[in-house]
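Colleague: First, the structure itself, so that you have it in front of you.
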Amino acid sequence: MGNLIENLKKEIVRNFKLENIRWEEIDTDAPLFVEGLGLDSIDALELMVILEKNYGVKITSSEEGKKIMYSIKTIAEYLHENKKDDL
Amino acid sequence: MNVNITSYCSIKKNQVYLNGKIHLAIAGEVPFKQFTNQLYKTLNMDYPKFFKLDNLCKLALLTTEFLGINENITNPERTKIGVIVSNSVSSLDTDYNFNESIKERKNYFPSPAIFVYSLPNILIGEICIRHKITGENAFFISKEFNPKIFCNYVNTLFLSQRVHGCIIGWVDLYKDNYESFIILAQHKKYSNEKNIFEENTLLKLYKGE
Amino acid sequence: MHNAYVIADNIISPLGFSTTDNYNNLLKSLSGIKLVDDQKIYPAPFYSSIICSDEIEFHFDRLNAPGIYTRLEKLIILSIKDAVQKTKIDAGNEETLIVISTTKGNIDLINTIDDNIEKKRLFLWSLAEQIKYYFNSVNIPVVISNACISGVLALIYASRLIENSVYKNVIVTGADIISEFVVSGFHSFHSISEAPCKPFDINRTGLSLGEGCGTIILSGDRNLSNEAGMISFCGGAVSNDANHISGPSRTGDGLFYAIKNTMEEMRNYQVNSIDYISAHGTATLYNDESEALAISSAGLENIPVNSLKGYWGHTLGAAGIIESVAAIQCLRNNILPGTLGFEKHGVSKSINIIKQSVKKEINSFIKTASGFGGCNAAIAFVKQ
């Protein structure tokens, strides 16, 4: 799971153009949206696309999305349970 | 007409001109991303959102930043500042990027972060957010910079006191070709610069004459 | 200073190729929104309002136009022609300007390989050149591309040019087509409803996209119209939320300012009351709520308001024009169509939403619009 968490942090820094932060600095448990990294609603939608593209998991509702994408940790846990094995 | 041009900025070919004089230049053929990152640092912008913008919006925001909005707009009513911009390519640079995310059904992942920039007036939105401007705004498309399209319209906004200041210009970007020319015009109550806001003057300043 | 009079208009949509056909179908509660299953546009079926291509070809072929035109250009030409023939104006002379409102123009060309149409038609100035070429215009058409407020903005722009005698006549046309590009983009925002859209309804789940073209010809000379009943521009305003580029302001402040400034300007025309509001009402959760807040803040909670998105879908660059034409028909006929799709009140303010069509004597209306980039616009017309 450590590898998954590291990959997620790198993807977030790269995809959301977080120039001021290095992936190592991201707190695994901190909220991603509003507070913490301060990602916004478009970032949430984009993250859903990234998770589907890179891990094959499709999040269909925004309520479900809010819980799953709360922090790097919650995303990693969800992916660990749901991602397609060939990815 | 009682409207003057307080300041104006042009950016093209790795050079920044401010009020008709060269202000900044980066030697050699530097890619747009590197050039704009350099300008961002020089301006001390402290605006992390900048890095999420598409290239067209980056060009617009940087050009406007050089105008010195906070220093030069003396009337604090931001509801009465207008933003009127035009270009020739609309948002085609970003449109092609978005198209990459949809053109192959086997790799079909439409990107909302790119799609959100697939309209030319988004750059007006970004300027307004950055400078807290809430007044009149409009985006025009023309083959070349053509102040005739909007000069009359802008004059009616000043005459009716709908605006006391207006950011007006041209921001064009398609792949490696980019060019911007933005002016800050204000009612003469707030600006005593010598350049008068009218069609021929705008064209002269745009051409660097 | 001249007044800017409405001397003719046209709508082209799945509900017809004339204003009359469209308005009559509105009163019959017909909708152009259907379930569309076209893999070339989107991998799954979706609700949308799309014009039958054969119908477009049928109408356009009758013109025997030399040259090759895109789907969008055909709609624009047909719409302008229909409107112009109801007037005494020359569409191409130096006194007349064409203003084109569109968000994405010929974006359907982005993936197609068509030997007959150059890729440069993706440029909106090239689209304008085609229209100039067809009508043999002296003046280069002006293109306004400002998201979903383009149509309302174009009408405001045109009205001010006429009032200041820059041109005698301005043909304002707004058009957008359904394309893979736009449909996939809106789907990526999760803003497309899985059922036909329900503006202001408690169960609304998003918008339905549509395509179409609307034209309004404004003139400083009211005698250039073949039709009776003088309707003229009496105020307009544009604003920006300065908050978020794709979500409307949660307070509705930006649209409120646009409405407020329009109402102030209306007093200069001695128009002191607003009898009807044609809202933007896209049926997304946030737009309709934000719009209700704006209408309420302006003190217009009791004024009958509807959204016409349930009939045509959201036609983007065409919306402001098509919906203004419908509102002008309301001024002429004193019948207000119901908000198709609306059943139960679903916004926090008790604005007066028209559910079924209703007969009402009206003399003035405000048309509102909001769009990506945080822009808002409002325009008012009065019947003299």
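By convention here, the chains of the structure tokens are called A, B, ... in the order presented, each chain's residues are numbered starting at 1, and ligands are numbered starting at 1 in the order presented.
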Which chain B residues are at most 8 Å from chain A (counting only C-alpha atoms), as JSON, numbers by chain?
Modeller: {"B": [48, 51, 52, 109, 110, 111, 112, 113]}
Colleague: Could you turn the residues from that selection into a file that holds N, CA and C atoms, as a PDB file, in the first residue's frame?
Modeller:
```pdb
ATOM      1  N   PRO B  48      -0.634  30.541  -6.458  1.00  0.00           N
ATOM      2  CA  PRO B  48      -0.438  29.144  -6.888  1.00  0.00           C
ATOM      3  C   PRO B  48      -1.368  28.702  -8.001  1.00  0.00           C
ATOM      4  N   PHE B  51      -0.464  28.137 -11.953  1.00  0.00           N
ATOM      5  CA  PHE B  51       0.085  26.959 -12.625  1.00  0.00           C
ATOM      6  C   PHE B  51      -0.977  26.022 -13.167  1.00  0.00           C
ATOM      7  N   LYS B  52      -2.234  26.247 -12.764  1.00  0.00           N
ATOM      8  CA  LYS B  52      -3.323  25.414 -13.279  1.00  0.00           C
ATOM      9  C   LYS B  52      -3.914  25.998 -14.552  1.00  0.00           C
ATOM     10  N   PHE B 109     -11.079   9.501 -22.116  1.00  0.00           N
ATOM     11  CA  PHE B 109     -11.187  10.046 -20.760  1.00  0.00           C
ATOM     12  C   PHE B 109     -11.288  11.564 -20.832  1.00  0.00           C
ATOM     13  N   PRO B 110     -12.514  12.079 -21.162  1.00  0.00           N
ATOM     14  CA  PRO B 110     -12.681  13.534 -21.280  1.00  0.00           C
ATOM     15  C   PRO B 110     -12.240  14.228 -19.997  1.00  0.00           C
ATOM     16  N   SER B 111     -11.349  15.198 -20.117  1.00  0.00           N
ATOM     17  CA  SER B 111     -10.762  15.838 -18.953  1.00  0.00           C
ATOM     18  C   SER B 111     -11.481  17.134 -18.594  1.00  0.00           C
ATOM     19  N   PRO B 112     -12.157  17.177 -17.439  1.00  0.00           N
ATOM     20  CA  PRO B 112     -12.852  18.406 -17.043  1.00  0.00           C
ATOM     21  C   PRO B 112     -11.886  19.559 -16.786  1.00  0.00           C
ATOM     22  N   ALA B 113     -10.680  19.242 -16.301  1.00  0.00           N
ATOM     23  CA  ALA B 113      -9.714  20.306 -16.011  1.00  0.00           C
ATOM     24  C   ALA B 113      -9.254  21.012 -17.275  1.00  0.00           C
TER      25      ALA B 113
END
```
Colleague: Find the spatial neighbours of segment 125-136 of chain C, counting only C-alpha atoms, within a cut-off of 8 Å - ignore same-chain residues fewer than 4 positions away - and output them as a PyMOL selection string.
Modeller: (chain B and resi 88+141-143) or (chain C and resi 65+69+73+76-77+91-92+100+105-106+120-121+140-143)
Colleague: For those residues, write N, CA and C atoms to a file as a PDB file, in the first residue's frame.
Modeller:
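Result file is out.pdb:
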```pdb
ATOM      1  N   SER B  88      -7.895  36.003 -32.161  1.00  0.00           N
ATOM      2  CA  SER B  88      -8.271  35.398 -33.437  1.00  0.00           C
ATOM      3  C   SER B  88      -8.543  33.897 -33.295  1.00  0.00           C
ATOM      4  N   ILE B 141     -14.083  38.020 -31.318  1.00  0.00           N
ATOM      5  CA  ILE B 141     -13.138  37.299 -32.167  1.00  0.00           C
ATOM      6  C   ILE B 141     -12.964  38.083 -33.468  1.00  0.00           C
ATOM      7  N   SER B 142     -11.719  38.278 -33.881  1.00  0.00           N
ATOM      8  CA  SER B 142     -11.463  38.906 -35.188  1.00  0.00           C
ATOM      9  C   SER B 142     -10.147  38.367 -35.719  1.00  0.00           C
ATOM     10  N   LYS B 143      -9.964  38.473 -37.004  1.00  0.00           N
ATOM     11  CA  LYS B 143      -8.772  37.884 -37.637  1.00  0.00           C
ATOM     12  C   LYS B 143      -7.496  38.574 -37.161  1.00  0.00           C
TER      13      LYS B 143
ATOM     14  N   ALA C  65     -27.267  27.789 -53.029  1.00  0.00           N
ATOM     15  CA  ALA C  65     -26.116  28.631 -52.683  1.00  0.00           C
ATOM     16  C   ALA C  65     -24.834  28.084 -53.292  1.00  0.00           C
ATOM     17  N   TYR C  69     -20.929  24.919 -47.308  1.00  0.00           N
ATOM     18  CA  TYR C  69     -21.144  25.482 -45.982  1.00  0.00           C
ATOM     19  C   TYR C  69     -21.260  24.385 -44.947  1.00  0.00           C
ATOM     20  N   GLU C  73     -23.098  26.909 -40.391  1.00  0.00           N
ATOM     21  CA  GLU C  73     -23.228  28.039 -41.327  1.00  0.00           C
ATOM     22  C   GLU C  73     -24.570  27.983 -42.047  1.00  0.00           C
ATOM     23  N   ILE C  76     -27.209  29.385 -39.757  1.00  0.00           N
ATOM     24  CA  ILE C  76     -27.100  30.840 -39.651  1.00  0.00           C
ATOM     25  C   ILE C  76     -27.665  31.514 -40.904  1.00  0.00           C
ATOM     26  N   ILE C  77     -27.284  30.997 -42.065  1.00  0.00           N
ATOM     27  CA  ILE C  77     -27.738  31.605 -43.326  1.00  0.00           C
ATOM     28  C   ILE C  77     -29.251  31.499 -43.453  1.00  0.00           C
ATOM     29  N   ALA C  91     -29.324  43.094 -46.378  1.00  0.00           N
ATOM     30  CA  ALA C  91     -28.489  42.474 -45.355  1.00  0.00           C
ATOM     31  C   ALA C  91     -27.008  42.802 -45.495  1.00  0.00           C
ATOM     32  N   GLY C  92     -26.574  43.181 -46.703  1.00  0.00           N
ATOM     33  CA  GLY C  92     -25.136  43.341 -46.909  1.00  0.00           C
ATOM     34  C   GLY C  92     -24.637  44.761 -47.074  1.00  0.00           C
ATOM     35  N   ILE C 100     -22.433  37.846 -34.884  1.00  0.00           N
ATOM     36  CA  ILE C 100     -22.611  36.403 -34.705  1.00  0.00           C
ATOM     37  C   ILE C 100     -22.236  36.034 -33.283  1.00  0.00           C
ATOM     38  N   GLY C 105     -18.602  27.588 -32.491  1.00  0.00           N
ATOM     39  CA  GLY C 105     -18.541  27.649 -33.952  1.00  0.00           C
ATOM     40  C   GLY C 105     -18.581  26.275 -34.606  1.00  0.00           C
ATOM     41  N   ASN C 106     -17.679  26.067 -35.555  1.00  0.00           N
ATOM     42  CA  ASN C 106     -17.621  24.814 -36.320  1.00  0.00           C
ATOM     43  C   ASN C 106     -16.767  23.752 -35.628  1.00  0.00           C
ATOM     44  N   LYS C 120      -9.402  25.554 -41.463  1.00  0.00           N
ATOM     45  CA  LYS C 120      -9.370  26.931 -40.958  1.00  0.00           C
ATOM     46  C   LYS C 120     -10.769  27.409 -40.577  1.00  0.00           C
ATOM     47  N   ARG C 121     -11.818  26.677 -40.999  1.00  0.00           N
ATOM     48  CA  ARG C 121     -13.170  27.085 -40.630  1.00  0.00           C
ATOM     49  C   ARG C 121     -13.432  26.899 -39.135  1.00  0.00           C
ATOM     50  N   ILE C 140     -17.457  43.461 -42.205  1.00  0.00           N
ATOM     51  CA  ILE C 140     -17.084  42.141 -41.666  1.00  0.00           C
ATOM     52  C   ILE C 140     -17.952  41.870 -40.446  1.00  0.00           C
ATOM     53  N   PRO C 141     -18.627  40.728 -40.424  1.00  0.00           N
ATOM     54  CA  PRO C 141     -19.446  40.431 -39.242  1.00  0.00           C
ATOM     55  C   PRO C 141     -18.602  40.426 -37.964  1.00  0.00           C
ATOM     56  N   VAL C 142     -19.182  40.922 -36.887  1.00  0.00           N
ATOM     57  CA  VAL C 142     -18.515  40.897 -35.582  1.00  0.00           C
ATOM     58  C   VAL C 142     -18.867  39.589 -34.898  1.00  0.00           C
ATOM     59  N   VAL C 143     -17.881  38.948 -34.291  1.00  0.00           N
ATOM     60  CA  VAL C 143     -18.144  37.692 -33.593  1.00  0.00           C
ATOM     61  C   VAL C 143     -17.985  37.897 -32.096  1.00  0.00           C
TER      62      VAL C 143
END
```
Colleague: Compile the contact shell of Gly169 of chain B as a ChimeraX atom specification: residues with an atom at most 9 Å away, counting only C-alpha atoms, same-chain residues fewer than 6 positions apart removed.
Modeller: /B:83-87,145,147,180-184
Colleague: Please produce a file of those selected residues containing N, CA and C atoms, as a CSV table (one decimal), in the first residue's frame.
Modeller:
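Wrote result.csv, looks like this:
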```csv
chain,number,residue,atom,x,y,z
B,83,VAL,N,-13.8,44.7,-18.6
B,83,VAL,CA,-12.7,43.9,-19.2
B,83,VAL,C,-13.2,43.5,-20.6
B,84,ILE,N,-12.6,44.0,-21.6
B,84,ILE,CA,-13.0,43.8,-23.0
B,84,ILE,C,-11.8,43.2,-23.7
B,85,VAL,N,-11.9,41.9,-24.2
B,85,VAL,CA,-10.7,41.3,-24.8
B,85,VAL,C,-11.1,40.7,-26.1
B,86,SER,N,-10.1,40.5,-27.0
B,86,SER,CA,-10.4,39.9,-28.3
B,86,SER,C,-9.2,39.0,-28.7
B,87,ASN,N,-9.4,38.1,-29.6
B,87,ASN,CA,-8.3,37.4,-30.2
B,87,ASN,C,-8.8,36.7,-31.5
B,145,PHE,N,-6.1,42.2,-34.6
B,145,PHE,CA,-6.5,43.2,-33.6
B,145,PHE,C,-7.2,44.3,-34.3
B,147,PRO,N,-9.5,47.4,-33.1
B,147,PRO,CA,-10.2,48.2,-32.1
B,147,PRO,C,-11.5,48.8,-32.6
B,180,SER,N,0.3,39.3,-27.0
B,180,SER,CA,-0.7,40.0,-26.2
B,180,SER,C,-0.5,41.5,-26.2
B,181,PHE,N,-1.5,42.2,-26.1
B,181,PHE,CA,-1.5,43.7,-26.0
B,181,PHE,C,-2.6,44.1,-25.2
B,182,ILE,N,-2.4,44.6,-24.0
B,182,ILE,CA,-3.5,45.0,-23.1
B,182,ILE,C,-3.3,46.4,-22.5
B,183,ILE,N,-4.3,47.2,-22.5
B,183,ILE,CA,-4.2,48.6,-22.0
B,183,ILE,C,-5.2,48.7,-20.8
B,184,LEU,N,-4.8,49.6,-19.9
B,184,LEU,CA,-5.7,50.0,-18.9
B,184,LEU,C,-6.2,51.4,-19.2
```
Colleague: Please determine, counting only C-alpha atoms, which residue among B:Ile196, B:Leu203, B:Ile127, B:Leu18 has the shortest atom-to-atom distance to chain C.
Modeller: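 Of the candidates, the smallest distance to chain C is held by B:Ile127.
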Colleague: Using only C-alpha atoms, determine which residues of chain C fall within 9 Å of chain A; present them as a VMD selection string.
Modeller: chain C and resid 188 to 190 246 to 247
